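The structure file target.cif is reproduced below (mmCIF, C-alpha atoms and all ligand atoms).
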```cif
data_run
loop_
_atom_site.group_PDB
_atom_site.id
_atom_site.type_symbol
_atom_site.label_atom_id
_atom_site.label_comp_id
_atom_site.auth_asym_id
_atom_site.auth_seq_id
_atom_site.Cartn_x
_atom_site.Cartn_y
_atom_site.Cartn_z
ATOM 1 C CA MET A 596 0.119 0.814 -0.922
ATOM 2 C CA ALA A 597 0.821 3.785 -3.099
ATOM 3 C CA GLN A 598 -0.914 7.103 -3.104
ATOM 4 C CA LEU A 599 -4.386 7.707 -4.447
ATOM 5 C CA HIS A 600 -5.369 10.720 -2.426
ATOM 6 C CA SER A 601 -4.460 14.324 -2.163
ATOM 7 C CA LEU A 602 -3.914 16.110 1.139
ATOM 8 C CA ARG A 603 -7.135 18.039 0.692
ATOM 9 C CA ASP A 604 -9.180 14.821 0.988
ATOM 10 C CA SER A 605 -7.833 14.000 4.442
ATOM 11 C CA PHE A 606 -7.091 15.548 7.826
ATOM 12 C CA ALA A 607 -4.165 15.047 10.219
ATOM 13 C CA ILE A 608 -4.783 13.389 13.586
ATOM 14 C CA GLY A 609 -1.260 13.117 14.979
ATOM 15 C CA ARG A 610 2.355 12.170 14.478
ATOM 16 C CA VAL A 611 4.232 8.907 15.230
ATOM 17 C CA PHE A 612 8.003 8.484 14.667
ATOM 18 C CA GLY A 613 7.942 11.783 12.795
ATOM 19 C CA ILE A 614 5.265 10.453 10.416
ATOM 20 C CA GLN A 615 2.048 12.392 10.079
ATOM 21 C CA ILE A 616 -1.054 10.239 10.582
ATOM 22 C CA ARG A 617 -4.008 11.269 8.427
ATOM 23 C CA VAL A 618 -7.608 10.147 8.045
ATOM 24 C CA HIS A 619 -9.419 10.289 4.713
ATOM 25 C CA LEU A 620 -12.703 12.219 4.779
ATOM 26 C CA LEU A 621 -14.606 9.096 3.682
ATOM 27 C CA PHE A 622 -13.363 7.167 6.709
ATOM 28 C CA PRO A 623 -15.783 8.600 9.335
ATOM 29 C CA LEU A 624 -18.622 8.063 6.847
ATOM 30 C CA ILE A 625 -17.747 4.365 6.471
ATOM 31 C CA LEU A 626 -17.508 4.074 10.249
ATOM 32 C CA ALA A 627 -20.977 5.589 10.647
ATOM 33 C CA PHE A 628 -22.332 3.278 7.931
ATOM 34 C CA VAL A 629 -20.924 0.152 9.638
ATOM 35 C CA LEU A 630 -22.436 1.236 12.953
ATOM 36 C CA MET A 631 -25.828 2.019 11.457
ATOM 37 C CA GLN A 632 -25.911 -1.319 9.650
ATOM 38 C CA GLY A 633 -24.905 -3.164 12.801
ATOM 39 C CA LEU A 634 -27.470 -1.394 14.936
ATOM 40 C CA SER A 635 -30.313 -1.830 12.448
ATOM 41 C CA GLN A 636 -30.107 -5.625 12.886
ATOM 42 C CA PRO A 637 -33.112 -6.923 14.823
ATOM 43 C CA GLY A 638 -32.321 -7.331 18.504
ATOM 44 C CA ALA A 639 -29.168 -5.185 18.369
ATOM 45 C CA SER A 640 -28.184 -3.839 21.778
ATOM 46 C CA MET A 641 -25.776 -1.248 23.140
ATOM 47 C CA GLY A 642 -23.391 -4.134 23.806
ATOM 48 C CA ASP A 643 -23.382 -4.987 20.097
ATOM 49 C CA ALA A 644 -22.680 -1.362 19.229
ATOM 50 C CA PHE A 645 -19.762 -1.333 21.668
ATOM 51 C CA TYR A 646 -18.425 -4.579 20.192
ATOM 52 C CA LEU A 647 -18.666 -3.153 16.670
ATOM 53 C CA ILE A 648 -16.838 0.041 17.611
ATOM 54 C CA VAL A 649 -14.039 -1.857 19.350
ATOM 55 C CA ALA A 650 -13.786 -4.295 16.419
ATOM 56 C CA VAL A 651 -13.509 -1.452 13.885
ATOM 57 C CA PHE A 652 -10.874 0.346 15.953
ATOM 58 C CA MET A 653 -8.973 -2.922 16.406
ATOM 59 C CA LEU A 654 -9.081 -3.507 12.647
ATOM 60 C CA PHE A 655 -7.649 -0.081 11.948
ATOM 61 C CA GLY A 656 -5.131 -0.450 14.778
ATOM 62 C CA VAL A 657 -3.825 -3.557 12.998
ATOM 63 C CA VAL A 658 -3.842 -1.705 9.646
ATOM 64 C CA PHE A 659 -1.832 1.058 11.330
ATOM 65 C CA LEU A 660 0.773 -1.390 12.694
ATOM 66 C CA HIS A 661 1.037 -2.977 9.217
ATOM 67 C CA GLU A 662 1.742 0.426 7.637
ATOM 68 C CA LEU A 663 4.089 1.330 10.492
ATOM 69 C CA GLY A 664 6.054 -1.860 9.686
ATOM 70 C CA HIS A 665 6.580 -0.652 6.094
ATOM 71 C CA SER A 666 7.394 2.865 7.317
ATOM 72 C CA LEU A 667 9.974 1.970 9.968
ATOM 73 C CA VAL A 668 11.887 -0.337 7.613
ATOM 74 C CA ALA A 669 11.794 2.404 4.951
ATOM 75 C CA GLN A 670 13.104 4.934 7.476
ATOM 76 C CA ALA A 671 15.881 2.518 8.431
ATOM 77 C CA PHE A 672 17.009 2.718 4.785
ATOM 78 C CA GLY A 673 16.933 6.513 4.929
ATOM 79 C CA ILE A 674 13.688 6.836 2.952
ATOM 80 C CA GLN A 675 11.496 9.714 4.069
ATOM 81 C CA VAL A 676 7.957 8.620 5.013
ATOM 82 C CA LEU A 677 5.579 11.512 4.362
ATOM 83 C CA ASP A 678 2.437 10.213 6.012
ATOM 84 C CA ILE A 679 0.220 7.239 6.808
ATOM 85 C CA THR A 680 -3.390 7.711 5.724
ATOM 86 C CA PHE A 681 -6.453 5.704 6.687
ATOM 87 C CA TRP A 682 -8.868 5.484 3.818
ATOM 88 C CA PRO A 683 -11.902 3.261 3.200
ATOM 89 C CA LEU A 684 -9.926 0.388 1.633
ATOM 90 C CA GLY A 685 -7.239 0.311 4.319
ATOM 91 C CA GLY A 686 -4.064 2.189 5.114
ATOM 92 C CA MET A 687 -1.386 3.777 3.006
ATOM 93 C CA ALA A 688 2.174 4.820 3.817
ATOM 94 C CA ARG A 689 3.342 7.500 1.406
ATOM 95 C CA MET A 690 7.071 7.691 0.786
ATOM 96 C CA ALA A 691 9.127 10.523 -0.696
ATOM 97 C CA GLU A 692 10.898 8.260 -3.156
ATOM 98 C CA LEU A 693 10.617 4.687 -4.356
ATOM 99 C CA PRO A 694 14.093 3.136 -4.331
ATOM 100 C CA GLU A 695 15.097 1.014 -7.332
ATOM 101 C CA LYS A 696 16.934 -1.453 -5.166
ATOM 102 C CA PRO A 697 15.477 -4.974 -5.069
ATOM 103 C CA ARG A 698 16.693 -5.614 -1.525
ATOM 104 C CA VAL A 699 15.273 -2.359 -0.122
ATOM 105 C CA GLU A 700 11.945 -2.665 -1.953
ATOM 106 C CA GLY A 701 11.608 -6.316 -0.958
ATOM 107 C CA LEU A 702 12.324 -5.664 2.726
ATOM 108 C CA VAL A 703 10.048 -2.596 2.905
ATOM 109 C CA ALA A 704 7.236 -4.567 1.198
ATOM 110 C CA ILE A 705 7.541 -7.661 3.378
ATOM 111 C CA ALA A 706 7.630 -5.645 6.638
ATOM 112 C CA GLY A 707 3.838 -5.036 6.586
ATOM 113 C CA PRO A 708 2.732 -8.668 6.253
ATOM 114 C CA ALA A 709 5.545 -9.630 8.674
ATOM 115 C CA VAL A 710 3.899 -7.433 11.359
ATOM 116 C CA ASN A 711 0.612 -9.324 10.765
ATOM 117 C CA GLY A 712 2.529 -12.605 11.008
ATOM 118 C CA VAL A 713 3.943 -11.642 14.406
ATOM 119 C CA LEU A 714 0.539 -10.442 15.717
ATOM 120 C CA PHE A 715 -1.194 -13.570 14.370
ATOM 121 C CA THR A 716 1.355 -15.844 16.039
ATOM 122 C CA ALA A 717 1.117 -13.939 19.329
ATOM 123 C CA GLY A 718 -2.700 -14.005 19.270
ATOM 124 C CA LEU A 719 -2.900 -17.688 18.395
ATOM 125 C CA GLY A 720 -0.212 -18.515 20.974
ATOM 126 C CA LEU A 721 -2.165 -16.717 23.713
ATOM 127 C CA HIS A 722 -5.320 -18.629 22.774
ATOM 128 C CA LEU A 723 -3.415 -21.911 23.047
ATOM 129 C CA ILE A 724 -1.672 -21.017 26.321
ATOM 130 C CA LEU A 725 -4.902 -19.809 27.957
ATOM 131 C CA GLY A 726 -6.884 -22.702 26.476
ATOM 132 C CA LEU A 727 -9.397 -20.310 24.862
ATOM 133 C CA PRO A 728 -11.507 -21.606 21.968
ATOM 134 C CA LEU A 729 -10.810 -19.662 18.756
ATOM 135 C CA GLU A 730 -14.118 -17.929 17.967
ATOM 136 C CA LEU A 731 -14.543 -15.288 15.305
ATOM 137 C CA ASN A 732 -17.323 -13.481 17.137
ATOM 138 C CA THR A 733 -15.099 -12.725 20.127
ATOM 139 C CA LEU A 734 -12.639 -9.810 20.012
ATOM 140 C CA PRO A 735 -9.525 -12.000 20.665
ATOM 141 C CA GLY A 736 -10.636 -14.448 17.951
ATOM 142 C CA TYR A 737 -11.321 -11.578 15.542
ATOM 143 C CA PHE A 738 -7.817 -10.221 16.233
ATOM 144 C CA VAL A 739 -6.223 -13.546 15.224
ATOM 145 C CA TYR A 740 -8.430 -13.768 12.133
ATOM 146 C CA ILE A 741 -7.820 -10.226 10.800
ATOM 147 C CA ASN A 742 -4.052 -10.625 11.126
ATOM 148 C CA LEU A 743 -4.121 -13.895 9.193
ATOM 149 C CA ALA A 744 -6.425 -12.442 6.532
ATOM 150 C CA MET A 745 -4.552 -9.133 6.197
ATOM 151 C CA GLY A 746 -1.122 -10.753 6.048
ATOM 152 C CA ALA A 747 -2.184 -13.406 3.523
ATOM 153 C CA PHE A 748 -4.204 -11.024 1.345
ATOM 154 C CA ASN A 749 -1.375 -8.508 1.053
ATOM 155 C CA LEU A 750 1.009 -11.275 -0.035
ATOM 156 C CA ILE A 751 -1.052 -11.925 -3.195
ATOM 157 C CA PRO A 752 1.368 -10.953 -6.010
ATOM 158 C CA ALA A 753 -0.971 -8.258 -7.315
ATOM 159 C CA PHE A 754 1.387 -5.362 -7.946
ATOM 160 C CA PRO A 755 1.321 -2.676 -6.493
ATOM 161 C CA MET A 756 0.167 -4.650 -3.437
ATOM 162 C CA ASP A 757 2.941 -5.884 -1.107
ATOM 163 C CA GLY A 758 3.151 -9.341 -2.706
ATOM 164 C CA GLY A 759 3.539 -7.756 -6.141
ATOM 165 C CA ARG A 760 6.358 -5.528 -4.874
ATOM 166 C CA ILE A 761 8.089 -8.583 -3.406
ATOM 167 C CA LEU A 762 7.664 -10.280 -6.815
ATOM 168 C CA ARG A 763 9.213 -7.303 -8.632
ATOM 169 C CA ALA A 764 12.122 -7.223 -6.173
ATOM 170 C CA TRP A 765 12.641 -10.949 -6.735
ATOM 171 C CA LEU A 766 12.510 -10.536 -10.543
ATOM 172 C CA ALA A 767 15.074 -7.720 -10.367
ATOM 173 C CA ARG A 768 17.236 -9.521 -7.799
ATOM 174 C CA SER A 769 21.015 -9.713 -8.016
ATOM 175 C CA LYS A 770 22.993 -11.319 -10.812
ATOM 176 C CA PRO A 771 23.092 -13.613 -12.731
ATOM 177 C CA ASN A 772 19.301 -13.629 -13.175
ATOM 178 C CA ARG A 773 18.945 -9.897 -12.817
ATOM 179 C CA ARG A 774 16.247 -8.253 -14.863
ATOM 180 C CA ASP A 775 16.106 -4.633 -15.783
ATOM 181 C CA TRP A 776 13.889 -2.628 -13.373
ATOM 182 C CA VAL A 777 11.464 -1.632 -16.146
ATOM 183 C CA GLN A 778 11.197 -5.248 -17.324
ATOM 184 C CA ALA A 779 10.659 -6.533 -13.777
ATOM 185 C CA THR A 780 7.936 -3.912 -13.245
ATOM 186 C CA ALA A 781 6.212 -4.831 -16.520
ATOM 187 C CA ILE A 782 6.108 -8.537 -15.578
ATOM 188 C CA ALA A 783 4.882 -7.772 -12.037
ATOM 189 C CA VAL A 784 2.172 -5.467 -13.416
ATOM 190 C CA ASN A 785 0.979 -8.159 -15.843
ATOM 191 C CA VAL A 786 0.819 -10.765 -13.070
ATOM 192 C CA GLY A 787 -1.022 -8.127 -11.009
ATOM 193 C CA ARG A 788 -3.557 -7.622 -13.799
ATOM 194 C CA PHE A 789 -4.348 -11.321 -13.754
ATOM 195 C CA PHE A 790 -5.156 -11.120 -10.034
ATOM 196 C CA ALA A 791 -6.985 -7.807 -10.512
ATOM 197 C CA PHE A 792 -9.145 -9.535 -13.115
ATOM 198 C CA LEU A 793 -9.951 -12.359 -10.668
ATOM 199 C CA MET A 794 -10.806 -9.813 -7.945
ATOM 200 C CA ILE A 795 -13.138 -7.932 -10.288
ATOM 201 C CA LEU A 796 -14.776 -11.246 -11.267
ATOM 202 C CA ALA A 797 -15.257 -11.938 -7.557
ATOM 203 C CA GLY A 798 -17.106 -8.610 -7.408
ATOM 204 C CA THR A 799 -20.412 -10.461 -7.510
ATOM 205 C CA TYR A 800 -19.400 -11.955 -4.175
ATOM 206 C CA SER A 801 -17.604 -8.981 -2.622
ATOM 207 C CA CYS A 802 -17.925 -5.392 -3.748
ATOM 208 C CA VAL A 803 -14.802 -4.378 -1.778
ATOM 209 C CA LEU A 804 -12.744 -7.050 -3.561
ATOM 210 C CA ALA A 805 -13.853 -5.664 -6.933
ATOM 211 C CA LEU A 806 -12.861 -2.151 -5.852
ATOM 212 C CA ILE A 807 -9.418 -3.405 -4.828
ATOM 213 C CA GLY A 808 -9.167 -5.162 -8.217
ATOM 214 C CA VAL A 809 -9.870 -1.891 -10.007
ATOM 215 C CA TRP A 810 -7.332 -0.127 -7.761
ATOM 216 C CA VAL A 811 -4.663 -2.782 -8.514
ATOM 217 C CA TRP A 812 -5.270 -2.478 -12.260
ATOM 218 C CA TRP A 813 -5.231 1.317 -12.264
ATOM 219 C CA MET A 814 -2.325 1.869 -9.889
ATOM 220 C CA GLY A 815 -0.244 -0.854 -11.558
ATOM 221 C CA ALA A 816 -0.645 0.829 -14.948
ATOM 222 C CA ARG A 817 0.143 4.203 -13.381
ATOM 223 C CA GLU A 818 3.331 2.997 -11.728
ATOM 224 C CA LEU A 819 4.523 1.106 -14.825
ATOM 225 C CA TRP A 820 4.061 4.315 -16.792
ATOM 226 C CA ALA A 821 6.027 6.251 -14.155
ATOM 227 C CA VAL A 822 8.906 3.747 -14.131
ATOM 228 C CA ARG A 823 9.101 3.789 -17.947
ATOM 229 C CA MET A 824 9.045 7.586 -18.017
ATOM 230 C CA LYS A 825 11.621 7.792 -15.260
ATOM 231 C CA HIS A 826 14.039 5.623 -17.203
ATOM 232 C CA LYS A 827 13.323 7.414 -20.443
ATOM 233 C CA ALA A 828 13.967 10.694 -18.649
ATOM 234 C CA GLN A 829 17.229 9.583 -17.058
ATOM 235 C CA ARG A 830 19.604 11.228 -19.490
ATOM 236 C CA PHE A 831 17.656 14.473 -19.255
ATOM 237 C CA TYR A 832 18.056 14.346 -15.495
ATOM 238 C CA ASP A 833 21.759 13.890 -15.933
ATOM 239 C CA GLU A 834 21.984 16.855 -18.292
ATOM 240 C CA ALA A 835 19.402 19.329 -17.081
ATOM 241 C CA ASN A 836 18.221 17.859 -13.750
ATOM 242 C CA TYR A 837 14.651 17.784 -15.072
ATOM 243 C CA PRO A 838 13.288 17.144 -18.560
ATOM 244 C CA GLY A 839 12.066 20.311 -20.124
ATOM 245 C CA SER A 840 13.346 22.519 -17.341
ATOM 246 C CA GLU A 841 16.053 24.041 -19.504
ATOM 247 C CA MET A 842 14.233 23.694 -22.765
ATOM 248 C CA GLY A 843 10.892 25.335 -22.138
ATOM 249 C CA GLY A 844 8.973 22.053 -22.256
ATOM 250 C CA SER A 845 10.207 21.110 -25.732
ATOM 251 C CA THR A 846 12.289 18.100 -24.665
ATOM 252 C CA PRO A 847 12.582 15.676 -27.602
ATOM 253 C CA GLY A 848 10.693 12.430 -26.997
ATOM 254 C CA PHE A 849 8.265 13.989 -24.499
ATOM 255 C CA THR A 850 4.912 15.489 -25.264
ATOM 256 C CA PRO A 851 3.779 18.447 -23.132
ATOM 257 C CA GLU A 852 1.295 15.981 -21.597
ATOM 258 C CA ASP A 853 4.127 13.633 -20.597
ATOM 259 C CA LEU A 854 5.943 16.513 -18.944
ATOM 260 C CA GLN A 855 2.822 17.515 -17.055
ATOM 261 C CA LYS A 856 2.293 13.955 -15.811
ATOM 262 C CA LEU A 857 5.969 13.704 -14.878
ATOM 263 C CA GLU A 858 5.581 16.876 -12.854
ATOM 264 C CA SER A 859 3.003 15.124 -10.684
ATOM 265 C CA PHE A 860 5.527 12.373 -9.993
ATOM 266 C CA ARG A 861 8.291 14.811 -9.229
ATOM 267 C CA GLY A 862 8.340 14.077 -5.498
ATOM 268 C CA GLN A 863 8.909 10.393 -6.160
ATOM 269 C CA LEU A 864 11.597 11.155 -8.731
ATOM 270 C CA LYS A 865 13.722 12.944 -6.161
ATOM 271 C CA GLY A 866 17.203 11.469 -5.945
ATOM 272 C CA PHE A 867 16.864 9.727 -9.255
ATOM 273 C CA GLY A 868 20.135 8.671 -10.824
ATOM 274 C CA ARG A 869 21.966 8.462 -7.512
ATOM 275 C CA ASP A 870 19.957 5.529 -6.277
ATOM 276 C CA LYS A 871 21.667 2.540 -7.823
ATOM 277 C CA ASP A 872 22.833 -0.786 -6.465
HETATM 278 ZN ZN ZN B 1 1.343 -3.435 3.062
#
```
In structure tokens, what does this structure look like?
Amino acid sequence: MAQLHSLRDSFAIGRVFGIQIRVHLLFPLILAFVLMQGLSQPGASMGDAFYLIVAVFMLFGVVFLHELGHSLVAQAFGIQVLDITFWPLGGMARMAELPEKPRVEGLVAIAGPAVNGVLFTAGLGLHLILGLPLELNTLPGYFVYINLAMGAFNLIPAFPMDGGRILRAWLARSKPNRRDWVQATAIAVNVGRFFAFLMILAGTYSCVLALIGVWVWWMGARELWAVRMKHKAQRFYDEANYPGSEMGGSTPGFTPEDLQKLESFRGQLKGFGRDKD
């Protein structure tokens, strides 16, 4: 997932493979809410509370491994991973630059769901070998279920979710069917909007799903804008390394607002123009 937080909203808890691990300030609140809800059920015991805590930590352990999958593949391609943040809707690996290479983007995107696939297979295999019945209300059963659900959900082609990134990579794949990166992004974003719309419709059933739908819609639009701007800005990068930098913000074709928005994407624009197939 892409970024939707600033560093001020989260705190660092450690470092793995050189990647800072952060927790969003809302995260402990959600945790407390889940516990309070669980414990307010009639007949709830300390055992239930323990189960809930372990289940929540297991869920976020799996989220962490999913994000680590993205991060390690990105690092293997020389992409700097800034941090992994836990926030209420899941995890997020933030990268210094988004490569415009279909193969790299596709492999980085698929690595997360692939981790879930491996964990799901291992969990299910252990159940079969040990002859355990697969029950959702046991921790081993829950482990199998969350890996299936997380892997499958992230493969929905709702750009900028993993499935949407895989779709864009496929649309922009090698010749002869190669599409321009901007065009591939625009198609992926439109497909994403369709799924975002469905998720928002499903909001009557699941509030979290509606929130993710809004996130998909908003972040898709934001990234499409960034990709368009990036390509529009290319010749200015070639000439002046940054649009407006040499011209006091009066770059033709860019409003001062555009330049300000571009500034906020500057980290992701690093290395632009040297990152071609
Ligand atoms: Zn992912």
I want to know what sits within 7 Å of range 704-710 of chain A, based on all atoms listed in the file, with residues of the same chain fewer than 3 positions away left out; could you give that as a JSON list (two decimals) with C-alpha atoms, in the coordinates of the input?
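And here's selection.json as it stands now:
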```json
[["chain", "number", "residue", "atom", "x", "y", "z"],
["A", 660, "LEU", "CA", 0.77, -1.39, 12.69],
["A", 661, "HIS", "CA", 1.04, -2.98, 9.22],
["A", 662, "GLU", "CA", 1.74, 0.43, 7.64],
["A", 664, "GLY", "CA", 6.05, -1.86, 9.69],
["A", 665, "HIS", "CA", 6.58, -0.65, 6.09],
["A", 668, "VAL", "CA", 11.89, -0.34, 7.61],
["A", 700, "GLU", "CA", 11.94, -2.66, -1.95],
["A", 701, "GLY", "CA", 11.61, -6.32, -0.96],
["A", 713, "VAL", "CA", 3.94, -11.64, 14.41],
["A", 714, "LEU", "CA", 0.54, -10.44, 15.72],
["A", 746, "GLY", "CA", -1.12, -10.75, 6.05],
["A", 749, "ASN", "CA", -1.38, -8.51, 1.05],
["A", 757, "ASP", "CA", 2.94, -5.88, -1.11],
["A", 760, "ARG", "CA", 6.36, -5.53, -4.87],
["A", 761, "ILE", "CA", 8.09, -8.58, -3.41]]
```
Counting only C-alpha atoms and all ligand atoms, the residue of A:Met814, A:Ala821, A:Met687, A:Ile807 that sits nearest ligand ZN 1 (chain B):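 Closest residue, counting only C-alpha atoms and all ligand atoms: A:Met687.
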Computed interatomic separation between CA of Gln675 in chain A and CA of His619 in chain A (Å): 20.9 Å
Coordinates-based distance that separates CA of Gly718 in chain A from CA of Ala650 in chain A (Å, one decimal): 15.0 Å
Would you pick out the contacts of Glu818 in chain A at 10 Å or less, using only C-alpha atoms, so that residues sharing its chain but fewer than 3 positions from it are not included, and give the list as a PDB file with C-alpha atoms, keeping the file's coordinate frame?
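The resulting file, around_9.pdb, is shown below:
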```
ATOM      1  CA  ALA A 597       0.821   3.785  -3.099  1.00  0.00           C
ATOM      2  CA  PHE A 754       1.387  -5.362  -7.946  1.00  0.00           C
ATOM      3  CA  PRO A 755       1.321  -2.676  -6.493  1.00  0.00           C
ATOM      4  CA  THR A 780       7.936  -3.912 -13.245  1.00  0.00           C
ATOM      5  CA  ALA A 781       6.212  -4.831 -16.520  1.00  0.00           C
ATOM      6  CA  VAL A 784       2.172  -5.467 -13.416  1.00  0.00           C
ATOM      7  CA  TRP A 813      -5.231   1.317 -12.264  1.00  0.00           C
ATOM      8  CA  MET A 814      -2.325   1.869  -9.889  1.00  0.00           C
ATOM      9  CA  GLY A 815      -0.244  -0.854 -11.558  1.00  0.00           C
ATOM     10  CA  ALA A 821       6.027   6.251 -14.155  1.00  0.00           C
ATOM     11  CA  VAL A 822       8.906   3.747 -14.131  1.00  0.00           C
ATOM     12  CA  ARG A 823       9.101   3.789 -17.947  1.00  0.00           C
ATOM     13  CA  MET A 824       9.045   7.586 -18.017  1.00  0.00           C
ATOM     14  CA  PHE A 860       5.527  12.373  -9.993  1.00  0.00           C
TER      15      PHE A 860
END
```
